[in-house]
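**Student:** One file: protein_10.txt (compact mmCIF, C-alpha atoms and all ligand atoms).
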# COMPACT_ATOMS: atom_id res chain seq x y z
CA MET L 1 9.37 89.05 70.54
CA LYS L 2 5.64 88.65 71.14
CA LEU L 3 3.58 86.55 73.50
CA VAL L 4 0.54 85.05 71.78
CA ILE L 5 -2.33 84.07 74.07
CA ALA L 6 -4.81 81.83 72.26
CA MET L 7 -8.09 80.51 73.66
CA ILE L 8 -9.32 77.53 71.67
CA GLN L 9 -11.80 74.69 72.13
CA ASP L 10 -10.50 71.51 73.82
CA GLN L 11 -11.39 69.42 70.78
CA ASP L 12 -8.94 71.41 68.63
CA ALA L 13 -6.11 71.50 71.18
CA ASN L 14 -4.18 68.33 70.30
CA LYS L 15 -4.34 68.96 66.56
CA LEU L 16 -3.14 72.55 66.98
CA LEU L 17 -0.35 71.57 69.40
CA GLY L 18 0.86 69.01 66.84
CA ILE L 19 0.83 71.56 64.00
CA LEU L 20 2.62 74.16 66.14
CA SER L 21 5.29 71.62 67.07
CA GLU L 22 5.83 70.67 63.41
CA HIS L 23 6.40 74.35 62.63
CA GLY L 24 8.87 74.82 65.49
CA TYR L 25 6.70 76.66 68.01
CA SER L 26 6.74 75.83 71.71
CA ALA L 27 3.42 76.26 73.52
CA THR L 28 2.40 76.11 77.17
CA LYS L 29 -1.08 74.76 77.80
CA LEU L 30 -3.18 76.17 80.63
CA ALA L 31 -6.32 74.50 81.96
CA SER L 32 -9.18 76.93 81.46
CA THR L 33 -12.93 77.15 81.10
CA GLY L 34 -14.62 79.48 78.69
CA GLY L 35 -16.63 82.42 79.83
CA PHE L 36 -20.23 81.65 80.65
CA LEU L 37 -21.44 78.19 79.70
CA ARG L 38 -18.79 77.33 77.12
CA GLN L 39 -17.01 74.58 79.07
CA GLY L 40 -13.68 72.98 78.44
CA ASN L 41 -11.49 75.30 76.45
CA THR L 42 -7.74 75.54 76.43
CA THR L 43 -5.51 78.59 76.72
CA LEU L 44 -2.14 78.44 75.00
CA LEU L 45 0.83 80.74 75.70
CA ILE L 46 3.27 80.87 72.79
CA GLY L 47 6.41 82.99 72.60
CA VAL L 48 7.25 83.96 69.01
CA GLU L 49 9.71 86.13 67.10
CA ASP L 50 8.10 89.22 65.54
CA GLN L 51 8.55 88.03 61.96
CA ARG L 52 6.67 84.79 62.64
CA VAL L 53 3.58 86.25 64.31
CA HIS L 54 1.64 86.34 61.05
CA GLU L 55 2.37 82.68 60.27
CA LEU L 56 1.44 81.65 63.81
CA MET L 57 -1.87 83.54 63.65
CA GLU L 58 -2.68 81.80 60.35
CA LEU L 59 -1.94 78.35 61.79
CA ILE L 60 -4.19 79.01 64.80
CA LYS L 61 -7.02 80.38 62.65
CA GLU L 62 -6.92 77.54 60.11
CA THR L 63 -6.89 74.82 62.75
CA SER L 64 -9.24 76.26 65.33
CA LYS L 65 -11.73 78.52 63.63
CA SER L 66 -15.45 78.25 64.23
CA ARG L 67 -17.12 76.02 61.63
CA LYS L 68 -20.28 74.05 60.93
CA GLN L 69 -20.34 70.30 61.38
CA LEU L 70 -23.08 67.75 60.68
CA VAL L 71 -23.96 65.56 63.68
CA THR L 72 -26.45 62.69 63.59
CA PRO L 73 -28.32 62.57 66.89
CA LEU L 74 -28.99 59.16 68.41
CA ALA L 75 -32.58 57.90 68.19
CA SER L 76 -34.42 58.17 71.49
CA VAL L 77 -34.15 55.08 73.65
CA GLY L 78 -37.32 52.96 73.48
CA ARG L 79 -38.53 54.31 70.18
CA SER L 80 -38.46 52.28 67.04
CA LEU L 81 -36.28 53.71 64.28
CA ASN L 82 -39.21 53.05 61.94
CA ASN L 83 -41.25 55.59 63.82
CA TYR L 84 -38.54 58.14 64.56
CA MET L 85 -35.99 58.71 61.84
CA THR L 86 -33.00 60.82 62.88
CA GLU L 87 -31.53 63.34 60.49
CA PRO L 88 -28.13 65.01 60.74
CA VAL L 89 -28.18 68.46 62.31
CA GLU L 90 -25.67 71.25 61.78
CA VAL L 91 -23.78 72.38 64.87
CA THR L 92 -21.07 75.00 65.32
CA VAL L 93 -17.74 73.73 66.65
CA GLY L 94 -14.33 75.26 67.30
CA GLY L 95 -13.56 78.94 67.50
CA ALA L 96 -10.48 80.84 68.68
CA THR L 97 -9.77 84.14 70.42
CA VAL L 98 -6.19 85.33 70.07
CA PHE L 99 -4.33 88.20 71.76
CA VAL L 100 -0.82 89.36 70.79
CA VAL L 101 1.18 91.15 73.49
CA ALA L 102 4.63 92.78 73.25
CA VAL L 103 7.43 91.11 75.22
CA GLU L 104 9.99 93.52 76.72
CA ASP L 105 12.43 90.91 77.95
CA PHE L 106 12.80 87.19 77.46
CA ALA L 107 15.00 84.49 78.95
CA LYS L 108 15.35 80.75 78.47
CA VAL L 109 17.71 79.01 80.90
CA MET Q 1 5.29 97.87 86.73
CA LYS Q 2 5.90 94.65 84.81
CA LEU Q 3 4.14 91.30 84.68
CA VAL Q 4 6.60 88.42 84.67
CA ILE Q 5 5.31 85.15 83.22
CA ALA Q 6 7.59 82.25 84.12
CA MET Q 7 7.22 78.65 82.96
CA ILE Q 8 9.20 76.30 85.18
CA GLN Q 9 9.28 72.58 85.93
CA ASP Q 10 6.94 71.28 88.67
CA GLN Q 11 9.88 69.95 90.68
CA ASP Q 12 11.29 73.47 91.06
CA ALA Q 13 7.97 75.19 91.85
CA ASN Q 14 7.85 74.91 95.64
CA LYS Q 15 11.47 75.94 96.10
CA LEU Q 16 11.05 78.96 93.81
CA LEU Q 17 7.76 80.01 95.46
CA GLY Q 18 9.51 79.91 98.85
CA ILE Q 19 12.43 82.00 97.61
CA LEU Q 20 10.11 84.52 95.95
CA SER Q 21 8.11 84.84 99.17
CA GLU Q 22 11.26 85.43 101.23
CA HIS Q 23 12.18 88.25 98.85
CA GLY Q 24 8.73 89.86 99.06
CA TYR Q 25 7.26 88.80 95.71
CA SER Q 26 3.69 87.58 95.36
CA ALA Q 27 3.13 84.92 92.68
CA THR Q 28 0.01 83.32 91.22
CA LYS Q 29 0.45 79.69 90.19
CA LEU Q 30 -1.38 78.38 87.12
CA ALA Q 31 -1.78 74.68 86.35
CA SER Q 32 -0.11 74.05 83.00
CA THR Q 33 1.48 71.39 80.86
CA GLY Q 34 4.55 72.02 78.80
CA GLY Q 35 4.50 72.06 75.04
CA PHE Q 36 4.75 68.67 73.43
CA LEU Q 37 5.63 65.82 75.75
CA ARG Q 38 7.13 67.79 78.61
CA GLN Q 39 4.45 67.10 81.22
CA GLY Q 40 3.77 68.82 84.47
CA ASN Q 41 5.17 72.29 84.41
CA THR Q 42 3.98 75.33 86.30
CA THR Q 43 3.29 78.83 85.04
CA LEU Q 44 3.80 81.69 87.49
CA LEU Q 45 2.40 85.22 87.12
CA ILE Q 46 4.34 87.77 89.17
CA GLY Q 47 3.70 91.51 89.29
CA VAL Q 48 6.90 93.46 89.98
CA GLU Q 49 8.10 97.06 90.17
CA ASP Q 50 10.41 98.02 87.28
CA GLN Q 51 13.50 98.37 89.47
CA ARG Q 52 13.14 94.81 90.81
CA VAL Q 53 12.75 92.98 87.48
CA HIS Q 54 16.45 92.21 87.26
CA GLU Q 55 16.57 90.69 90.75
CA LEU Q 56 13.43 88.64 90.06
CA MET Q 57 14.88 87.29 86.80
CA GLU Q 58 18.06 86.27 88.64
CA LEU Q 59 16.11 84.45 91.37
CA ILE Q 60 14.11 82.52 88.76
CA LYS Q 61 17.19 81.62 86.75
CA GLU Q 62 19.24 80.48 89.74
CA THR Q 63 16.47 78.31 91.14
CA SER Q 64 14.97 76.86 88.00
CA LYS Q 65 17.62 76.68 85.33
CA SER Q 66 18.26 73.54 83.32
CA ARG Q 67 21.03 71.42 84.90
CA LYS Q 68 22.51 67.94 84.90
CA GLN Q 69 21.70 65.52 87.71
CA LEU Q 70 22.99 62.01 88.42
CA VAL Q 71 20.23 59.42 88.81
CA THR Q 72 20.80 55.78 89.74
CA PRO Q 73 18.28 53.62 87.86
CA LEU Q 74 16.69 50.74 89.72
CA ALA Q 75 17.91 47.28 88.75
CA SER Q 76 15.45 45.41 86.57
CA VAL Q 77 13.00 43.27 88.47
CA GLY Q 78 13.93 39.57 88.36
CA ARG Q 79 17.58 40.08 87.60
CA SER Q 80 20.27 39.47 90.15
CA LEU Q 81 22.31 42.51 91.14
CA ASN Q 82 25.40 40.33 90.65
CA ASN Q 83 24.62 40.04 86.98
CA TYR Q 84 23.33 43.55 86.35
CA MET Q 85 25.10 46.36 88.14
CA THR Q 86 23.41 49.74 87.82
CA GLU Q 87 25.44 52.86 87.33
CA PRO Q 88 24.31 56.45 87.81
CA VAL Q 89 23.21 58.18 84.61
CA GLU Q 90 23.18 61.90 83.92
CA VAL Q 91 19.78 63.44 83.19
CA THR Q 92 18.74 67.03 82.50
CA VAL Q 93 16.26 68.53 84.95
CA GLY Q 94 14.71 71.96 85.44
CA GLY Q 95 14.66 74.75 82.91
CA ALA Q 96 12.72 78.01 82.78
CA THR Q 97 11.19 80.21 80.08
CA VAL Q 98 10.46 83.77 81.21
CA PHE Q 99 8.55 86.61 79.51
CA VAL Q 100 8.43 90.19 80.80
CA VAL Q 101 5.42 92.27 79.75
CA ALA Q 102 4.67 95.96 80.43
CA VAL Q 103 1.73 96.69 82.73
CA GLU Q 104 -0.27 99.82 81.82
CA ASP Q 105 -2.49 99.85 84.87
CA PHE Q 106 -2.55 97.97 88.14
CA ALA Q 107 -4.94 97.72 91.06
CA LYS Q 108 -5.00 95.80 94.33
CA VAL Q 109 -8.24 96.07 96.32
CA MET C 1 -7.67 96.84 73.02
CA LYS C 2 -6.42 95.72 76.42
CA LEU C 3 -6.04 92.38 78.12
CA VAL C 4 -7.13 92.51 81.74
CA ILE C 5 -5.68 89.82 84.02
CA ALA C 6 -7.57 89.62 87.30
CA MET C 7 -6.75 87.38 90.26
CA ILE C 8 -9.73 87.02 92.58
CA GLN C 9 -10.83 84.67 95.35
CA ASP C 10 -12.77 81.54 94.31
CA GLN C 11 -15.76 82.56 96.42
CA ASP C 12 -16.22 85.71 94.30
CA ALA C 13 -15.69 84.05 90.91
CA ASN C 14 -19.22 83.01 90.00
CA LYS C 15 -20.76 86.32 91.04
CA LEU C 16 -18.16 88.30 89.08
CA LEU C 17 -18.51 86.08 85.99
CA GLY C 18 -22.28 86.66 86.07
CA ILE C 19 -21.87 90.43 86.38
CA LEU C 20 -19.28 90.52 83.58
CA SER C 21 -21.60 88.52 81.33
CA GLU C 22 -24.53 90.87 82.03
CA HIS C 23 -22.32 93.78 80.99
CA GLY C 24 -21.20 92.07 77.77
CA TYR C 25 -17.68 90.99 78.73
CA SER C 26 -16.28 87.58 77.83
CA ALA C 27 -13.86 86.07 80.35
CA THR C 28 -11.62 83.02 80.30
CA LYS C 29 -11.18 81.36 83.69
CA LEU C 30 -7.84 79.78 84.59
CA ALA C 31 -7.36 77.40 87.50
CA SER C 32 -4.84 78.96 89.84
CA THR C 33 -3.61 78.99 93.40
CA GLY C 34 -2.60 82.12 95.20
CA GLY C 35 0.94 82.82 96.17
CA PHE C 36 2.02 81.29 99.43
CA LEU C 37 -0.76 79.76 101.50
CA ARG C 38 -3.72 81.58 99.98
CA GLN C 39 -5.37 78.59 98.32
CA GLY C 40 -8.04 78.48 95.69
CA ASN C 41 -8.08 81.67 93.74
CA THR C 42 -9.15 82.21 90.16
CA THR C 43 -7.37 84.06 87.38
CA LEU C 44 -9.55 85.68 84.71
CA LEU C 45 -8.38 86.83 81.27
CA ILE C 46 -10.68 89.46 79.76
CA GLY C 47 -10.20 91.22 76.43
CA VAL C 48 -11.70 94.71 76.46
CA GLU C 49 -11.91 97.79 74.23
CA ASP C 50 -9.87 100.74 75.56
CA GLN C 51 -12.91 102.88 76.38
CA ARG C 52 -14.40 100.17 78.60
CA VAL C 53 -11.33 99.43 80.76
CA HIS C 54 -12.44 101.84 83.46
CA GLU C 55 -15.91 100.30 83.74
CA LEU C 56 -14.44 96.79 83.83
CA MET C 57 -11.99 97.74 86.59
CA GLU C 58 -14.87 99.19 88.64
CA LEU C 59 -16.96 96.03 88.24
CA ILE C 60 -14.06 93.85 89.38
CA LYS C 61 -13.28 96.08 92.35
CA GLU C 62 -16.89 96.35 93.53
CA THR C 63 -17.52 92.62 93.32
CA SER C 64 -14.21 91.23 94.53
CA LYS C 65 -12.60 93.71 96.86
CA SER C 66 -11.24 92.70 100.25
CA ARG C 67 -13.84 93.19 103.01
CA LYS C 68 -14.67 92.23 106.56
CA GLN C 69 -17.28 89.57 107.27
CA LEU C 70 -18.72 88.29 110.55
CA VAL C 71 -18.39 84.53 111.01
CA THR C 72 -19.77 82.58 113.99
CA PRO C 73 -17.32 79.81 114.86
CA LEU C 74 -18.71 76.41 115.82
CA ALA C 75 -18.49 75.53 119.50
CA SER C 76 -15.69 73.09 120.24
CA VAL C 77 -16.71 69.46 120.08
CA GLY C 78 -17.22 67.98 123.57
CA ARG C 79 -17.73 71.27 125.32
CA SER C 80 -21.08 72.36 126.61
CA LEU C 81 -22.52 75.47 124.99
CA ASN C 82 -23.34 76.63 128.53
CA ASN C 83 -19.69 76.76 129.34
CA TYR C 84 -18.37 78.01 126.02
CA MET C 85 -20.47 80.62 124.23
CA THR C 86 -19.35 81.41 120.71
CA GLU C 87 -19.36 84.96 119.45
CA PRO C 88 -19.08 86.11 115.86
CA VAL C 89 -15.55 86.99 114.77
CA GLU C 90 -14.56 89.35 111.98
CA VAL C 91 -12.59 87.79 109.10
CA THR C 92 -11.26 89.30 105.89
CA VAL C 93 -12.60 87.78 102.65
CA GLY C 94 -12.21 88.54 98.97
CA GLY C 95 -9.54 90.73 97.43
CA ALA C 96 -8.45 91.26 93.84
CA THR C 97 -5.19 91.97 92.02
CA VAL C 98 -5.65 93.34 88.51
CA PHE C 99 -3.13 93.94 85.69
CA VAL C 100 -3.93 95.77 82.44
CA VAL C 101 -1.73 94.93 79.46
CA ALA C 102 -1.75 96.47 75.94
CA VAL C 103 -2.87 94.19 73.11
CA GLU C 104 -1.03 94.75 69.80
CA ASP C 105 -3.15 92.44 67.70
CA PHE C 106 -6.40 90.60 68.25
CA ALA C 107 -8.37 88.00 66.31
CA LYS C 108 -11.61 86.14 66.87
CA VAL C 109 -12.39 83.42 64.33
NI NI L 201 2.76 74.26 57.28
NI NI L 202 18.36 86.48 98.36
NI NI L 203 -24.12 97.59 85.94
Can the structure in the file be given as structure tokens, please?

**Tutor:**
Amino acid sequence: MKLVIAMIQDQDANKLLGILSEHGYSATKLASTGGFLRQGNTTLLIGVEDQRVHELMELIKETSKSRKQLVTPLASVGRSLNNYMTEPVEVTVGGATVFVVAVEDFAKV
Amino acid sequence: MKLVIAMIQDQDANKLLGILSEHGYSATKLASTGGFLRQGNTTLLIGVEDQRVHELMELIKETSKSRKQLVTPLASVGRSLNNYMTEPVEVTVGGATVFVVAVEDFAKV
Amino acid sequence: MKLVIAMIQDQDANKLLGILSEHGYSATKLASTGGFLRQGNTTLLIGVEDQRVHELMELIKETSKSRKQLVTPLASVGRSLNNYMTEPVEVTVGGATVFVVAVEDFAKV
């Protein structure tokens, strides 16, 4: 058995927890903050049988990986939209860091 | 040395922390929520010498294991107790998931 | 690769996080409470290459170790300072407990 420790962004947490549940994984969610400026991430602890580690890693990567997203900024307050057109900008969202650790003993009671 | 990671229900946390303290264990308590609907559990991190892992596992199991409990529901508001007698119902409380991980190096300063 | 799990006192957390960042380490901060009365500590999870574990341990120890500090208590309310002179008292602050665990697999996406 392995213990998978996954740090993901808050915005991806509910979607990933739903996908993990559908695939039969049980996760514990810890409140965490990312290192150095990156606020509001989530750390998940997931116990998993050895033969399912690969599948679990794939599910985490697909759901939580860093990707580009187009965001349209709001026009500044007090400026006319005629004078100040906003255009979508590309931002990076998501991202996951995952550690796999060997479990020597396990109990569920 | 081992690191024991125990997920237990909130309602069992104070009792278990007291019992661990009496037996000389030092535990760090992390705020956590259980996977998928089960709200309000507690994750404990406990460093322990190899020869005491068995005792520690027994203490966690005895204190935190899943068990049946009789609960008497409150009568519905606005109904007379003459018409609507409540009877105790059996609910499941507690439960623990425990992982034991090898520690390669340890320091206390 | 190793996963370093460090429990430190809240008062040392920001300084240590700054020093870790300067030295190129990325840390995840978990909200935690110390075992048994010691309130308000912080648990850090830090992934680190094998050859840097020693340096990381030294940084944690230097920044967070238990040490004496002189604190001047406030005079009791309602007593004259003429009658009740306060003198600095020595208190113990800080302290760290650190576990190093082997990482079998690692991904950052
Ligand atoms: Ni699927
Ligand atoms: Ni006993
Ligand atoms: Ni330096």

**Student:** Superimpose chain Q on chain L so that the squared distances between all in-order C-alpha pairs are minimised, and send the result as a PDB file with C-alpha atoms, keeping the file's coordinate frame.

**Tutor:**
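See out20.pdb below for the written result:
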ATOM      1  CA  MET Q   1       9.353  89.040  70.570  1.00  0.00           C
ATOM      2  CA  LYS Q   2       5.624  88.652  71.179  1.00  0.00           C
ATOM      3  CA  LEU Q   3       3.559  86.527  73.536  1.00  0.00           C
ATOM      4  CA  VAL Q   4       0.536  85.041  71.803  1.00  0.00           C
ATOM      5  CA  ILE Q   5      -2.349  84.051  74.074  1.00  0.00           C
ATOM      6  CA  ALA Q   6      -4.827  81.818  72.259  1.00  0.00           C
ATOM      7  CA  MET Q   7      -8.108  80.498  73.650  1.00  0.00           C
ATOM      8  CA  ILE Q   8      -9.338  77.531  71.637  1.00  0.00           C
ATOM      9  CA  GLN Q   9     -11.806  74.683  72.093  1.00  0.00           C
ATOM     10  CA  ASP Q  10     -10.527  71.491  73.779  1.00  0.00           C
ATOM     11  CA  GLN Q  11     -11.404  69.411  70.720  1.00  0.00           C
ATOM     12  CA  ASP Q  12      -8.956  71.406  68.587  1.00  0.00           C
ATOM     13  CA  ALA Q  13      -6.112  71.482  71.139  1.00  0.00           C
ATOM     14  CA  ASN Q  14      -4.200  68.321  70.243  1.00  0.00           C
ATOM     15  CA  LYS Q  15      -4.343  68.969  66.510  1.00  0.00           C
ATOM     16  CA  LEU Q  16      -3.149  72.565  66.945  1.00  0.00           C
ATOM     17  CA  LEU Q  17      -0.355  71.560  69.360  1.00  0.00           C
ATOM     18  CA  GLY Q  18       0.862  69.020  66.785  1.00  0.00           C
ATOM     19  CA  ILE Q  19       0.825  71.576  63.976  1.00  0.00           C
ATOM     20  CA  LEU Q  20       2.606  74.171  66.117  1.00  0.00           C
ATOM     21  CA  SER Q  21       5.281  71.624  67.026  1.00  0.00           C
ATOM     22  CA  GLU Q  22       5.835  70.697  63.373  1.00  0.00           C
ATOM     23  CA  HIS Q  23       6.387  74.383  62.615  1.00  0.00           C
ATOM     24  CA  GLY Q  24       8.870  74.834  65.474  1.00  0.00           C
ATOM     25  CA  TYR Q  25       6.693  76.665  68.006  1.00  0.00           C
ATOM     26  CA  SER Q  26       6.734  75.820  71.700  1.00  0.00           C
ATOM     27  CA  ALA Q  27       3.400  76.246  73.509  1.00  0.00           C
ATOM     28  CA  THR Q  28       2.391  76.089  77.167  1.00  0.00           C
ATOM     29  CA  LYS Q  29      -1.107  74.733  77.767  1.00  0.00           C
ATOM     30  CA  LEU Q  30      -3.203  76.154  80.609  1.00  0.00           C
ATOM     31  CA  ALA Q  31      -6.336  74.463  81.939  1.00  0.00           C
ATOM     32  CA  SER Q  32      -9.212  76.889  81.438  1.00  0.00           C
ATOM     33  CA  THR Q  33     -12.954  77.118  81.077  1.00  0.00           C
ATOM     34  CA  GLY Q  34     -14.612  79.446  78.648  1.00  0.00           C
ATOM     35  CA  GLY Q  35     -16.636  82.420  79.743  1.00  0.00           C
ATOM     36  CA  PHE Q  36     -20.207  81.646  80.637  1.00  0.00           C
ATOM     37  CA  LEU Q  37     -21.405  78.179  79.727  1.00  0.00           C
ATOM     38  CA  ARG Q  38     -18.809  77.291  77.123  1.00  0.00           C
ATOM     39  CA  GLN Q  39     -17.022  74.536  79.043  1.00  0.00           C
ATOM     40  CA  GLY Q  40     -13.689  72.957  78.425  1.00  0.00           C
ATOM     41  CA  ASN Q  41     -11.518  75.267  76.436  1.00  0.00           C
ATOM     42  CA  THR Q  42      -7.753  75.508  76.416  1.00  0.00           C
ATOM     43  CA  THR Q  43      -5.535  78.557  76.719  1.00  0.00           C
ATOM     44  CA  LEU Q  44      -2.158  78.428  74.982  1.00  0.00           C
ATOM     45  CA  LEU Q  45       0.807  80.721  75.696  1.00  0.00           C
ATOM     46  CA  ILE Q  46       3.257  80.869  72.790  1.00  0.00           C
ATOM     47  CA  GLY Q  47       6.404  82.986  72.612  1.00  0.00           C
ATOM     48  CA  VAL Q  48       7.231  83.970  69.025  1.00  0.00           C
ATOM     49  CA  GLU Q  49       9.705  86.140  67.127  1.00  0.00           C
ATOM     50  CA  ASP Q  50       8.093  89.241  65.579  1.00  0.00           C
ATOM     51  CA  GLN Q  51       8.554  88.060  61.993  1.00  0.00           C
ATOM     52  CA  ARG Q  52       6.678  84.800  62.664  1.00  0.00           C
ATOM     53  CA  VAL Q  53       3.567  86.261  64.331  1.00  0.00           C
ATOM     54  CA  HIS Q  54       1.642  86.356  61.073  1.00  0.00           C
ATOM     55  CA  GLU Q  55       2.358  82.700  60.283  1.00  0.00           C
ATOM     56  CA  LEU Q  56       1.434  81.661  63.833  1.00  0.00           C
ATOM     57  CA  MET Q  57      -1.873  83.554  63.657  1.00  0.00           C
ATOM     58  CA  GLU Q  58      -2.685  81.823  60.359  1.00  0.00           C
ATOM     59  CA  LEU Q  59      -1.938  78.362  61.785  1.00  0.00           C
ATOM     60  CA  ILE Q  60      -4.202  79.026  64.781  1.00  0.00           C
ATOM     61  CA  LYS Q  61      -7.010  80.383  62.634  1.00  0.00           C
ATOM     62  CA  GLU Q  62      -6.910  77.555  60.097  1.00  0.00           C
ATOM     63  CA  THR Q  63      -6.896  74.840  62.736  1.00  0.00           C
ATOM     64  CA  SER Q  64      -9.246  76.266  65.316  1.00  0.00           C
ATOM     65  CA  LYS Q  65     -11.724  78.535  63.614  1.00  0.00           C
ATOM     66  CA  SER Q  66     -15.451  78.269  64.204  1.00  0.00           C
ATOM     67  CA  ARG Q  67     -17.116  76.029  61.583  1.00  0.00           C
ATOM     68  CA  LYS Q  68     -20.272  74.065  60.888  1.00  0.00           C
ATOM     69  CA  GLN Q  69     -20.316  70.297  61.341  1.00  0.00           C
ATOM     70  CA  LEU Q  70     -23.042  67.737  60.631  1.00  0.00           C
ATOM     71  CA  VAL Q  71     -23.910  65.560  63.629  1.00  0.00           C
ATOM     72  CA  THR Q  72     -26.378  62.672  63.558  1.00  0.00           C
ATOM     73  CA  PRO Q  73     -28.245  62.567  66.883  1.00  0.00           C
ATOM     74  CA  LEU Q  74     -28.910  59.183  68.428  1.00  0.00           C
ATOM     75  CA  ALA Q  75     -32.500  57.966  68.245  1.00  0.00           C
ATOM     76  CA  SER Q  76     -34.329  58.280  71.540  1.00  0.00           C
ATOM     77  CA  VAL Q  77     -34.122  55.224  73.733  1.00  0.00           C
ATOM     78  CA  GLY Q  78     -37.327  53.154  73.629  1.00  0.00           C
ATOM     79  CA  ARG Q  79     -38.551  54.448  70.314  1.00  0.00           C
ATOM     80  CA  SER Q  80     -38.497  52.357  67.194  1.00  0.00           C
ATOM     81  CA  LEU Q  81     -36.287  53.647  64.394  1.00  0.00           C
ATOM     82  CA  ASN Q  82     -39.243  53.031  62.066  1.00  0.00           C
ATOM     83  CA  ASN Q  83     -41.232  55.656  63.887  1.00  0.00           C
ATOM     84  CA  TYR Q  84     -38.462  58.153  64.575  1.00  0.00           C
ATOM     85  CA  MET Q  85     -35.899  58.645  61.850  1.00  0.00           C
ATOM     86  CA  THR Q  86     -32.927  60.777  62.852  1.00  0.00           C
ATOM     87  CA  GLU Q  87     -31.468  63.278  60.462  1.00  0.00           C
ATOM     88  CA  PRO Q  88     -28.078  64.968  60.672  1.00  0.00           C
ATOM     89  CA  VAL Q  89     -28.152  68.421  62.259  1.00  0.00           C
ATOM     90  CA  GLU Q  90     -25.668  71.226  61.739  1.00  0.00           C
ATOM     91  CA  VAL Q  91     -23.773  72.379  64.828  1.00  0.00           C
ATOM     92  CA  THR Q  92     -21.057  74.998  65.282  1.00  0.00           C
ATOM     93  CA  VAL Q  93     -17.743  73.724  66.623  1.00  0.00           C
ATOM     94  CA  GLY Q  94     -14.332  75.265  67.257  1.00  0.00           C
ATOM     95  CA  GLY Q  95     -13.568  78.948  67.458  1.00  0.00           C
ATOM     96  CA  ALA Q  96     -10.501  80.831  68.665  1.00  0.00           C
ATOM     97  CA  THR Q  97      -9.798  84.131  70.421  1.00  0.00           C
ATOM     98  CA  VAL Q  98      -6.204  85.335  70.079  1.00  0.00           C
ATOM     99  CA  PHE Q  99      -4.335  88.199  71.783  1.00  0.00           C
ATOM    100  CA  VAL Q 100      -0.837  89.354  70.820  1.00  0.00           C
ATOM    101  CA  VAL Q 101       1.168  91.128  73.525  1.00  0.00           C
ATOM    102  CA  ALA Q 102       4.620  92.762  73.303  1.00  0.00           C
ATOM    103  CA  VAL Q 103       7.412  91.089  75.271  1.00  0.00           C
ATOM    104  CA  GLU Q 104       9.968  93.499  76.780  1.00  0.00           C
ATOM    105  CA  ASP Q 105      12.399  90.886  78.001  1.00  0.00           C
ATOM    106  CA  PHE Q 106      12.777  87.164  77.514  1.00  0.00           C
ATOM    107  CA  ALA Q 107      14.978  84.464  78.987  1.00  0.00           C
ATOM    108  CA  LYS Q 108      15.325  80.718  78.507  1.00  0.00           C
ATOM    109  CA  VAL Q 109      17.691  78.976  80.936  1.00  0.00           C
TER     110      VAL Q 109
END

**Student:** Near chain Q, which residues of chain L fall within 8 Å when you count only C-alpha atoms, and what do they look like as a PyMOL selection string?

**Tutor:** chain L and resi 3+17-18+21+26-31+101-109

**Student:** Rounded to one decimal place, report the CA of Gly40 (chain C)-CA of Pro73 (chain C) distance in Å.

**Tutor:** 21.3 Å

**Student:** Give the answer as one residue: which of Q:Val71, Q:Met1, Q:Val89, Q:Ile19 has the shortest atom-to-atom distance to ligand NI 202 (chain L), using all atoms listed in the file?

**Tutor:**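 Closest to ligand NI 202 (chain L) of all the choices is Q:Ile19.
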
**Student:** Could I get the residue neighbourhood of ligand NI 203 (chain L) at 10 Å, counting only C-alpha atoms and all ligand atoms, as a list of chain:residue names?

**Tutor:**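 Checking only C-alpha atoms and all ligand atoms against ligand NI 203 (chain L) at 10 Å gives C:Ile19, C:Leu20, C:Glu22, C:His23, C:Glu55, C:Leu56, C:Glu58, C:Leu59.
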
**Student:** Quick check, in Å to one decimal: how far apart do CA of Tyr25 (chain L) and CA of Leu45 (chain L) lie?

**Tutor:**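 A separation of 10.5 Å between them.
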
**Student:** Interatomic distance between CA of Asp10 (chain L) and CA of Leu70 (chain L)?

**Tutor:**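 Spanning CA of Asp10 (chain L) to CA of Leu70 (chain L) is a straight-line distance of 18.6 Å.
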
**Student:** Between L:Gln51, L:Gly24, L:Lys68, L:Asn14, which one has atoms that come closest to ligand NI 201 (chain L), using only C-alpha atoms and all ligand atoms?

**Tutor:** L:Gly24

**Student:** Could you check the closest approach to ligand NI 201 (chain L) for each of L:Gly47, L:Thr63, L:Val91, L:Ala13 and tell me which residue wins, using all atoms listed in the file?

**Tutor:** L:Thr63

**Student:** Tell me which of L:Leu16, L:Thr86, L:Thr92, L:Gln9 sits closest to ligand NI 201 (chain L), counting only C-alpha atoms and all ligand atoms.

**Tutor:**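 Closest candidate: L:Leu16.
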